[in-house]
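Trainee: This is the structure I have questions about; it appears just below.
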Amino acid sequence: MSQTERILYLDKRMRLNGSVSAQVAADHFEISVRQIKRDIEALRDRFSAPIVYSREKKGYCYETPFDELETAGQSMVMFYVMIKALSQSQNVIPVLSEEILKTLEVNVPNEYREMCARINYQIPQYQEINSLHFVAICDALKEHTCLEIEYMNVNGDVSVRLVEPLEVINYGGIWYMACFDRLKNALRTFNVSRIRKAKATDEPWEKHKDGYPNLKFKSFAAEVEQFLSGGFGIFLGAQRKTVRIEFSGTPAHIVRNQVWHSAQKMKDLEDGKIELQFPAADFTEVLAKILYFGKNARPLEPPELVEKWKEEVRAMAALAE
């Protein structure tokens, strides 16, 4: 048994029974009273739990209501099941070891162990990556050094780039690397699965104080922050525009409960329709989402997105003729 399991046991007894005896807890886990008292101190120090000893109750209790750990057991189960499912594919978590998974498993309370097998976490899709490339990216991030990559774009064109990795992102089961691309002298996002070769270098990252010609903000740091935080989905960028989409029918009910963007706004319209509004730096993924809902989704702005949607609809209509 782990200390986490013991702490959850102590918390549950104090919340539900009003108090817990160190001797009773020690007998339950077949350990010393001294160890239980250390666990109580850990609960008090780590979680700021208001624990006091009550002579009247002959045990430890909460001086004031404390429910921080009320759902901790279930949360641990959900986290463990998710990580275990992800660990089945090295393409999702390339650096997860069996030892890490075992460390998580021992922290799941015994009473929840059987339940773990009844919770299923499925990964809808992912792209295969080279784990050595992922390790090289992580090393470059840690050392603040450049990475030389051979990259193939969606059109099959191959190029060699010297990049400064800034952040690694898993979006929809696909790994991306946001970086400063010295070939283009600009911030770019690369799909890790399309990296054919990755070579570590000793070249340090540049300071980018004056030598970054495409700078739109006061500093490179501000440029990076805006690039990483802006837009919709994985298509990042500093220049964003407001997207407005109208949904009707069943999709309106579906989208009403979804979060597409942290800064989104939703408005009710007539006949059960809704309007969704959010910022986007690139319309590629937005257009795909709109087309997914067919005739029940219609972009309202910006004009260039509306035009792209019309072009796609006309092209699909031509195929149906």
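Letters for chains follow the order of the structure tokens (A, B, ...), residue numbers begin at 1 for each chain, and ligand numbers begin at 1 in the order shown.
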Name all residues at most 10 Å from Arg196 of chain A (count only C-alpha atoms; drop same-chain ones fewer than 2 positions away) and give them as a PyMOL selection string.
Mentor: chain A and resi 129-130+133+149-152+158-160+192-194+198
Trainee: Any idea what the distance is between atom CA of Ala26 of chain A and atom CA of Ala49 of chain A?
Mentor: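 Interatomic distance, atom CA of Ala26 of chain A to atom CA of Ala49 of chain A: 19.9 Å.
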Trainee: So that I can check the surroundings of Glu105 of chain A, please list as a ChimeraX atom specification every protein, DNA and RNA residue that reaches within 12 Å of it, counting only C-alpha atoms and ignoring chain neighbours fewer than 2 positions away.
Mentor: /A:1-2,4-5,76-84,98-103,107-110,112-114,116
Trainee: Let's have the selection written as a compact mmCIF listing (two decimals), in the first residue's frame, with N, CA, C and O atoms.
Mentor:
# COMPACT_ATOMS: atom_id res chain seq x y z
N MET A 1 0.85 -1.19 0.00
CA MET A 1 0.00 0.00 0.00
C MET A 1 0.89 1.25 0.00
O MET A 1 2.02 1.20 0.50
N SER A 2 0.41 2.34 -0.57
CA SER A 2 1.19 3.56 -0.67
C SER A 2 0.72 4.58 0.36
O SER A 2 -0.36 4.45 0.95
N THR A 4 -0.27 7.51 -0.38
CA THR A 4 -1.46 8.13 -0.96
C THR A 4 -2.72 7.39 -0.53
O THR A 4 -3.72 7.99 -0.15
N GLU A 5 -2.66 6.05 -0.59
CA GLU A 5 -3.82 5.25 -0.19
C GLU A 5 -4.14 5.45 1.28
O GLU A 5 -5.31 5.55 1.68
N MET A 76 -7.86 9.83 -9.09
CA MET A 76 -6.67 9.01 -9.31
C MET A 76 -6.97 7.88 -10.28
O MET A 76 -6.16 7.56 -11.16
N VAL A 77 -8.14 7.28 -10.15
CA VAL A 77 -8.54 6.19 -11.06
C VAL A 77 -8.62 6.70 -12.49
O VAL A 77 -8.07 6.09 -13.41
N MET A 78 -9.29 7.82 -12.69
CA MET A 78 -9.46 8.37 -14.03
C MET A 78 -8.10 8.73 -14.65
O MET A 78 -7.85 8.47 -15.83
N PHE A 79 -7.23 9.31 -13.84
CA PHE A 79 -5.90 9.69 -14.34
C PHE A 79 -5.09 8.45 -14.71
O PHE A 79 -4.47 8.40 -15.77
N TYR A 80 -5.14 7.44 -13.84
CA TYR A 80 -4.39 6.21 -14.11
C TYR A 80 -4.89 5.51 -15.37
O TYR A 80 -4.10 5.08 -16.22
N VAL A 81 -6.21 5.40 -15.51
CA VAL A 81 -6.79 4.73 -16.69
C VAL A 81 -6.41 5.47 -17.97
O VAL A 81 -6.07 4.85 -18.98
N MET A 82 -6.46 6.81 -17.91
CA MET A 82 -6.11 7.59 -19.09
C MET A 82 -4.65 7.38 -19.47
O MET A 82 -4.32 7.13 -20.64
N ILE A 83 -3.75 7.48 -18.48
CA ILE A 83 -2.32 7.31 -18.76
C ILE A 83 -2.02 5.89 -19.24
O ILE A 83 -1.22 5.68 -20.16
N LYS A 84 -2.69 4.89 -18.65
CA LYS A 84 -2.46 3.52 -19.07
C LYS A 84 -2.89 3.31 -20.52
O LYS A 84 -2.19 2.64 -21.30
N GLU A 98 7.56 1.85 -18.18
CA GLU A 98 6.75 0.93 -17.39
C GLU A 98 6.85 1.28 -15.90
O GLU A 98 5.90 1.11 -15.14
N GLU A 99 8.02 1.79 -15.50
CA GLU A 99 8.23 2.16 -14.10
C GLU A 99 7.30 3.30 -13.68
O GLU A 99 6.74 3.31 -12.58
N ILE A 100 7.11 4.27 -14.57
CA ILE A 100 6.23 5.40 -14.27
C ILE A 100 4.79 4.90 -14.12
O ILE A 100 4.07 5.32 -13.20
N LEU A 101 4.38 4.00 -14.97
CA LEU A 101 3.02 3.46 -14.91
C LEU A 101 2.81 2.69 -13.60
O LEU A 101 1.75 2.79 -12.97
N LYS A 102 3.80 1.92 -13.17
CA LYS A 102 3.70 1.18 -11.92
C LYS A 102 3.62 2.11 -10.73
O LYS A 102 2.91 1.84 -9.76
N THR A 103 4.35 3.23 -10.80
CA THR A 103 4.30 4.21 -9.71
C THR A 103 2.90 4.79 -9.57
O THR A 103 2.40 5.00 -8.45
N ASN A 107 -0.58 3.94 -6.39
CA ASN A 107 -1.26 5.03 -5.69
C ASN A 107 -2.78 4.97 -5.84
O ASN A 107 -3.49 5.78 -5.25
N VAL A 108 -3.26 4.02 -6.64
CA VAL A 108 -4.70 3.83 -6.77
C VAL A 108 -5.19 3.02 -5.57
O VAL A 108 -4.71 1.92 -5.33
N PRO A 109 -6.13 3.54 -4.79
CA PRO A 109 -6.64 2.81 -3.62
C PRO A 109 -7.17 1.44 -4.01
O PRO A 109 -7.74 1.25 -5.07
N ASN A 110 -6.96 0.44 -3.13
CA ASN A 110 -7.39 -0.93 -3.40
C ASN A 110 -8.87 -1.03 -3.76
O ASN A 110 -9.26 -1.81 -4.63
N TYR A 112 -10.59 0.79 -5.46
CA TYR A 112 -10.89 1.24 -6.83
C TYR A 112 -10.19 0.41 -7.89
O TYR A 112 -10.37 0.64 -9.08
N ARG A 113 -9.34 -0.55 -7.46
CA ARG A 113 -8.54 -1.31 -8.43
C ARG A 113 -9.41 -2.05 -9.45
O ARG A 113 -9.14 -2.02 -10.65
N GLU A 114 -10.43 -2.76 -8.97
CA GLU A 114 -11.29 -3.52 -9.88
C GLU A 114 -12.03 -2.60 -10.84
O GLU A 114 -12.25 -2.93 -12.00
N CYS A 116 -10.98 0.01 -12.23
CA CYS A 116 -10.10 0.49 -13.32
C CYS A 116 -10.34 -0.28 -14.62
O CYS A 116 -10.29 0.29 -15.71
Trainee: Quick one: of A:Glu111, A:Asp202, A:Asp271, A:Glu63, who's nearest to Ile51 of chain A, counting only C-alpha atoms?
Mentor: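 Closest to Ile51 of chain A, using only C-alpha atoms: A:Glu63.
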